[in-house]
Amino acid sequence: MKLQAFCVLGVVVSLYGALLVGKTRRYDGNLSALTGFGCLSDTVCYARDNRQVLPQNSVVFRTGGYDGQFYYYIAASIYSGSRAVVDSIPFRYSRIGYPLLTGWAYLISPDALLPAMIILPVIAHLAVSLMLLLYGYGSRPGDTANFFAAFVFAVNPFSLLCFALNLADGLALSLMTAALLLYRIGPRSFLPIFFLSSASLLTKETFSIIPVSFAAAHFFFILRRREDRKEHLQSTVLWMSSLIPAAVWWAVCGLTPALIAEHGSGLFSGLTDYLKNPDALFSGRGFLLLMIVAYIAVLPVLVRALASKGETGMTVFSLAMAIGLILNLGLVFKASHEYWDNFANIARLFMPGLIPIVFIPITVPLRFGRLAGRMAAIAICILCILFTSIIFRNETMHRPAPWEVLTRE
């Protein structure tokens with residue numbers, strides 16, 4: 001057990017530490033390179049517009065930077081009382097969870113916010129990895145199924161990508177996974193589950209797939225079975241109620257279904273447009289096609305688990321995870337070309353579907369001593385290695401984008 005915990009801890013520290021060193025060394029060791037501050041032109045320069053809250057001597061990219069900068073501006077503005085200048089108030093402020101949970105460091109010192117935004121998501125990631133190892137399936141701490149889930153979560157490349165770009169999705173994944181762990185251990189822990197799920201949705205809206213899936217699964221059992229209806233009703237209320245704080249906040253921010261739909265496209269149109277590129281299958285985004293295959297391949301396994309005579313809790317998990325994967329695939333297939341044109345944009349849309357992969361040993365009693373179980377574990381690990389190598393290549397080996405140093409006023 002201790003060996004497995006040290007293995008998970010060592011892998012996380014090594015991966016994230018190596019990426020931190022590898023990326024920042026190209027920018028004279030400046031940590032602000034992870035945040036993606038940027039200026040697109042003399043007239044469009046969010047780094048300059050928010051200069052009063054920047055870290056000292058910040059790396060500013062002349063290519064416009066990336067989404068991570070807006071989380072920083074909003075976090076600093078909340079706890080400093082200043083006004084953040086962002087490109088889209090509905091989209092940026094609707095994801096208030098990450099700035100709220102990390103921005104308090106600005107109260108300690110303006111220069112403390114950047115390290116906090118780097119370190120705290122990693123701490124949450126590591127904590128959930130160890131929770132999976134200890135309590136993942138209500139079985140013996142450290143058994144094979146627990147270790148499989150903990151290792152896959154620990155090394156998943158999507159959270160690593162979010163770390164490299166100061167994005168909120170990795171923290172949202174940790175929060176929602178923790179909520180599901182508590183739910184699996186004891187569904188009556190209403191307030192912690194409610195808080196973690198709501199915080200995840202306020203961090204990134206795409207994770208609403210998970211509570212919707214669980215509410216739908218429990219409601220299905222309310223209609224289908226007479227026994228345990230009260231418990232299923234309570235669970236349905238729990239997951240639906242966790243959507244309310246986020247839904248209210250999204251409405252306040254002006255994030256409407258119509259606005260979200262503007263960033264979608266016809267079914268498969270964004271994907272098919274991308275596949276028309278000559279190098280589509282050989283770029284980083286091409287490897288994401290393997291994730292589509294993996295998600296589709298998991299669906300029959302979950303459906304087969306539904307037909308088994310296992311405990312009702314596992315059957316609910318199977319149905320919820322199947323619904324979640326279908327919704328996540330629908331999200332990916334509806335993504336427009338603006339997502340498929342950028343590896344980080346489209347990769348993040350796959351993140352809610354990672355939860356069913358991690359929780360497969362709950363929903364399906366895989367025997368990892370058998371060949372099929374070993375092959376499944378090996379296949380997922382190979383995918384993780386492929387995506388991790390792409391992230392390291394993109395963030396540490398490619399020629400740095402044009403940049404300059406901007407000092408806080």
# chains A, B, ... in the order shown; residues from 1 in each chain; ligands from 1
>>> select_by_dssp(residues="stretch 117-156 of chain A", states="alpha helix (DSSP H)", output="PyMOL selection string")
chain A and resi 117-135+144-155
>>> residues_around(residues="A:Leu243", least_positions_apart="5", cutoff="9 Å", atoms="only C-alpha atoms", output="PDB file with N, CA and C atoms, in the first residue's frame")
ATOM      1  N   PHE A 194     -22.654  17.949  -2.697  1.00  0.00           N
ATOM      2  CA  PHE A 194     -23.278  19.125  -3.310  1.00  0.00           C
ATOM      3  C   PHE A 194     -22.237  20.218  -3.552  1.00  0.00           C
ATOM      4  N   SER A 197     -19.569  19.071  -6.338  1.00  0.00           N
ATOM      5  CA  SER A 197     -20.169  19.048  -7.669  1.00  0.00           C
ATOM      6  C   SER A 197     -20.459  20.463  -8.158  1.00  0.00           C
ATOM      7  N   SER A 198     -21.043  21.296  -7.296  1.00  0.00           N
ATOM      8  CA  SER A 198     -21.349  22.675  -7.677  1.00  0.00           C
ATOM      9  C   SER A 198     -20.075  23.456  -7.989  1.00  0.00           C
ATOM     10  N   LEU A 201     -18.819  22.555 -11.420  1.00  0.00           N
ATOM     11  CA  LEU A 201     -19.591  23.179 -12.497  1.00  0.00           C
ATOM     12  C   LEU A 201     -19.295  24.666 -12.607  1.00  0.00           C
ATOM     13  N   SER A 208     -21.078  19.591 -16.305  1.00  0.00           N
ATOM     14  CA  SER A 208     -22.503  19.395 -16.004  1.00  0.00           C
ATOM     15  C   SER A 208     -23.008  18.079 -16.583  1.00  0.00           C
ATOM     16  N   PRO A 211     -23.420  15.331 -13.354  1.00  0.00           N
ATOM     17  CA  PRO A 211     -24.640  15.315 -12.531  1.00  0.00           C
ATOM     18  C   PRO A 211     -25.903  15.070 -13.333  1.00  0.00           C
ATOM     19  N   VAL A 212     -25.956  15.549 -14.573  1.00  0.00           N
ATOM     20  CA  VAL A 212     -27.119  15.267 -15.422  1.00  0.00           C
ATOM     21  C   VAL A 212     -27.232  13.773 -15.667  1.00  0.00           C
ATOM     22  N   VAL A 248     -27.773  29.397 -11.886  1.00  0.00           N
ATOM     23  CA  VAL A 248     -28.100  30.770 -11.488  1.00  0.00           C
ATOM     24  C   VAL A 248     -26.956  31.706 -11.840  1.00  0.00           C
TER      25      VAL A 248
END
>>> closest_residue(among="A:Leu271, A:Val8, A:Ala246, A:Leu31", to="A:Leu134", atoms="only C-alpha atoms")
A:Val8
>>> atom_distance(atom1="atom CA of A:Val21", atom2="atom CA of A:Trp403")
18.0 Å
>>> residues_around(residues="A:Leu275", least_positions_apart="2", cutoff="12 Å", atoms="only C-alpha atoms", output="VMD selection string")
chain A and resid 268 to 273 277 to 283 285 to 286 288 to 289 337 340 to 341
>>> write_last_selection(atoms="N, CA and C atoms", output="mmCIF file, in the first residue's frame")
data_model
loop_
_atom_site.group_PDB
_atom_site.id
_atom_site.type_symbol
_atom_site.label_atom_id
_atom_site.label_comp_id
_atom_site.auth_asym_id
_atom_site.auth_seq_id
_atom_site.Cartn_x
_atom_site.Cartn_y
_atom_site.Cartn_z
ATOM 1 N N PHE A 268 -20.742 16.435 -36.471
ATOM 2 C CA PHE A 268 -19.559 15.930 -37.182
ATOM 3 C C PHE A 268 -18.922 16.946 -38.130
ATOM 4 N N SER A 269 -19.499 18.128 -38.321
ATOM 5 C CA SER A 269 -18.956 19.047 -39.325
ATOM 6 C C SER A 269 -17.566 19.546 -38.940
ATOM 7 N N GLY A 270 -17.363 19.893 -37.653
ATOM 8 C CA GLY A 270 -16.044 20.338 -37.221
ATOM 9 C C GLY A 270 -15.002 19.238 -37.369
ATOM 10 N N LEU A 271 -15.375 18.015 -37.020
ATOM 11 C CA LEU A 271 -14.466 16.870 -37.138
ATOM 12 C C LEU A 271 -14.147 16.579 -38.603
ATOM 13 N N THR A 272 -15.156 16.563 -39.456
ATOM 14 C CA THR A 272 -14.916 16.259 -40.871
ATOM 15 C C THR A 272 -14.088 17.344 -41.539
ATOM 16 N N ASP A 273 -14.306 18.602 -41.165
ATOM 17 C CA ASP A 273 -13.472 19.683 -41.713
ATOM 18 C C ASP A 273 -12.021 19.496 -41.312
ATOM 19 N N ASN A 277 -7.667 17.994 -43.607
ATOM 20 C CA ASN A 277 -6.269 18.433 -43.624
ATOM 21 C C ASN A 277 -5.359 17.252 -43.941
ATOM 22 N N PRO A 278 -4.345 17.457 -44.763
ATOM 23 C CA PRO A 278 -3.456 16.343 -45.155
ATOM 24 C C PRO A 278 -2.770 15.657 -43.979
ATOM 25 N N ASP A 279 -2.435 16.428 -42.944
ATOM 26 C CA ASP A 279 -1.713 15.847 -41.805
ATOM 27 C C ASP A 279 -2.629 15.589 -40.622
ATOM 28 N N ALA A 280 -3.925 15.460 -40.857
ATOM 29 C CA ALA A 280 -4.895 15.355 -39.762
ATOM 30 C C ALA A 280 -4.607 14.181 -38.834
ATOM 31 N N LEU A 281 -4.232 13.050 -39.403
ATOM 32 C CA LEU A 281 -4.034 11.849 -38.603
ATOM 33 C C LEU A 281 -2.685 11.816 -37.904
ATOM 34 N N PHE A 282 -1.797 12.740 -38.251
ATOM 35 C CA PHE A 282 -0.436 12.673 -37.717
ATOM 36 C C PHE A 282 -0.108 13.843 -36.791
ATOM 37 N N SER A 283 -1.074 14.694 -36.529
ATOM 38 C CA SER A 283 -0.864 15.784 -35.591
ATOM 39 C C SER A 283 -1.318 15.345 -34.201
ATOM 40 N N ARG A 285 -3.824 16.424 -32.558
ATOM 41 C CA ARG A 285 -5.271 16.237 -32.562
ATOM 42 C C ARG A 285 -5.663 14.903 -33.179
ATOM 43 N N GLY A 286 -4.822 14.385 -34.054
ATOM 44 C CA GLY A 286 -5.104 13.084 -34.644
ATOM 45 C C GLY A 286 -5.152 11.981 -33.607
ATOM 46 N N LEU A 288 -6.327 12.284 -30.741
ATOM 47 C CA LEU A 288 -7.611 12.368 -30.044
ATOM 48 C C LEU A 288 -8.654 11.462 -30.689
ATOM 49 N N LEU A 289 -8.438 11.115 -31.942
ATOM 50 C CA LEU A 289 -9.344 10.164 -32.586
ATOM 51 C C LEU A 289 -9.294 8.813 -31.866
ATOM 52 N N HIS A 337 -15.119 24.052 -35.883
ATOM 53 C CA HIS A 337 -13.732 24.033 -36.351
ATOM 54 C C HIS A 337 -12.816 24.838 -35.446
ATOM 55 N N TRP A 340 -11.470 22.262 -33.143
ATOM 56 C CA TRP A 340 -10.607 21.290 -33.798
ATOM 57 C C TRP A 340 -9.356 21.930 -34.394
ATOM 58 N N ASP A 341 -9.352 23.263 -34.548
ATOM 59 C CA ASP A 341 -8.168 23.944 -35.069
ATOM 60 C C ASP A 341 -7.078 24.103 -34.017
#
>>> residues_around(residues="stretch 254-261 of chain A", least_positions_apart="3", cutoff="8 Å", atoms="only C-alpha atoms", output="mmCIF file with C-alpha atoms, in the first residue's frame")
data_model
loop_
_atom_site.group_PDB
_atom_site.id
_atom_site.type_symbol
_atom_site.label_atom_id
_atom_site.label_comp_id
_atom_site.auth_asym_id
_atom_site.auth_seq_id
_atom_site.Cartn_x
_atom_site.Cartn_y
_atom_site.Cartn_z
ATOM 1 C CA ILE A 89 -17.731 38.331 -19.820
ATOM 2 C CA PRO A 90 -20.293 35.474 -20.127
ATOM 3 C CA PHE A 91 -17.717 32.789 -20.865
ATOM 4 C CA SER A 94 -19.144 31.882 -15.745
ATOM 5 C CA TRP A 250 -24.483 31.402 -15.568
ATOM 6 C CA ALA A 251 -27.739 33.330 -15.974
ATOM 7 C CA GLY A 264 -21.046 24.579 -31.865
ATOM 8 C CA SER A 265 -21.670 23.335 -35.374
#
>>> residues_around(residues="A:Ala164", least_positions_apart="5", cutoff="9 Å", atoms="only C-alpha atoms", output="ChimeraX atom specification")
/A:16,19-20,23,33-35,118,159,391,395
>>> write_last_selection(atoms="N, CA and C atoms", output="short mmCIF file (atom, residue, chain, number, x, y, z; two decimals), in the first residue's frame")
data_model
loop_
_atom_site.label_atom_id
_atom_site.label_comp_id
_atom_site.auth_asym_id
_atom_site.auth_seq_id
_atom_site.Cartn_x
_atom_site.Cartn_y
_atom_site.Cartn_z
N TYR A 16 4.76 16.55 -13.40
CA TYR A 16 4.45 17.98 -13.32
C TYR A 16 5.71 18.81 -13.10
N LEU A 19 7.59 19.02 -16.47
CA LEU A 19 6.93 19.94 -17.40
C LEU A 19 7.15 21.39 -16.97
N LEU A 20 7.08 21.64 -15.67
CA LEU A 20 7.30 23.00 -15.17
C LEU A 20 8.70 23.48 -15.53
N LYS A 23 9.20 23.78 -19.51
CA LYS A 23 8.55 24.92 -20.17
C LYS A 23 9.17 26.25 -19.74
N ALA A 33 5.19 32.18 -17.58
CA ALA A 33 5.04 31.60 -18.92
C ALA A 33 3.90 30.59 -18.96
N LEU A 34 3.58 29.98 -17.80
CA LEU A 34 2.50 29.00 -17.76
C LEU A 34 1.12 29.65 -17.86
N THR A 35 1.04 30.93 -17.55
CA THR A 35 -0.27 31.58 -17.48
C THR A 35 -0.76 32.04 -18.84
N ILE A 118 -0.61 27.76 -9.71
CA ILE A 118 0.18 26.64 -10.21
C ILE A 118 0.10 25.44 -9.26
N SER A 159 -5.21 16.67 -17.52
CA SER A 159 -4.88 17.51 -16.36
C SER A 159 -3.49 18.11 -16.50
N ILE A 391 2.14 16.50 -25.30
CA ILE A 391 2.12 17.71 -24.47
C ILE A 391 3.54 18.17 -24.17
N GLU A 395 5.00 21.75 -25.39
CA GLU A 395 5.27 22.76 -24.36
C GLU A 395 6.75 22.94 -24.03
#
>>> residues_around(residues="A:Tyr71", least_positions_apart="6", cutoff="10 Å", atoms="only C-alpha atoms", output="list in words")
Thr35, Ser77, Ala84, Val86, Arg92, Tyr93, Arg95, Ile96, Gly97, Tyr98, Pro99, Leu100, Thr102, Gly103, Met117, Asn166, Leu167 and Ala168 of chain A
>>> atom_distance(atom1="atom CA of A:His125", atom2="atom CA of A:Ser200")
13.1 Å
>>> atom_distance(atom1="atom CA of A:Cys7", atom2="atom CA of A:Gly170")
20.7 Å
>>> select_by_dssp(residues="stretch 53-274 of chain A", states="strand (DSSP E)", output="JSON, numbers by chain")
{"A": [58, 59, 60, 61]}
>>> write_last_selection(atoms="C-alpha atoms", output="mmCIF file, in the first residue's frame")
data_model
loop_
_atom_site.group_PDB
_atom_site.id
_atom_site.type_symbol
_atom_site.label_atom_id
_atom_site.label_comp_id
_atom_site.auth_asym_id
_atom_site.auth_seq_id
_atom_site.Cartn_x
_atom_site.Cartn_y
_atom_site.Cartn_z
ATOM 1 C CA SER A 58 5.651 38.813 -16.612
ATOM 2 C CA VAL A 59 6.172 36.885 -19.824
ATOM 3 C CA VAL A 60 3.764 38.328 -22.389
ATOM 4 C CA PHE A 61 3.240 36.525 -25.693
#
>>> residues_around(residues="A:Ala127", least_positions_apart="6", cutoff="12 Å", atoms="only C-alpha atoms", output="PyMOL selection string")
chain A and resi 5+8-9+12+120-121+133-135+150+153-154+171+174-175+177-178+181
>>> closest_residue(among="A:Thr396, A:Ser213, A:Thr407, A:Thr236", to="A:Leu325", atoms="only C-alpha atoms")
A:Ser213
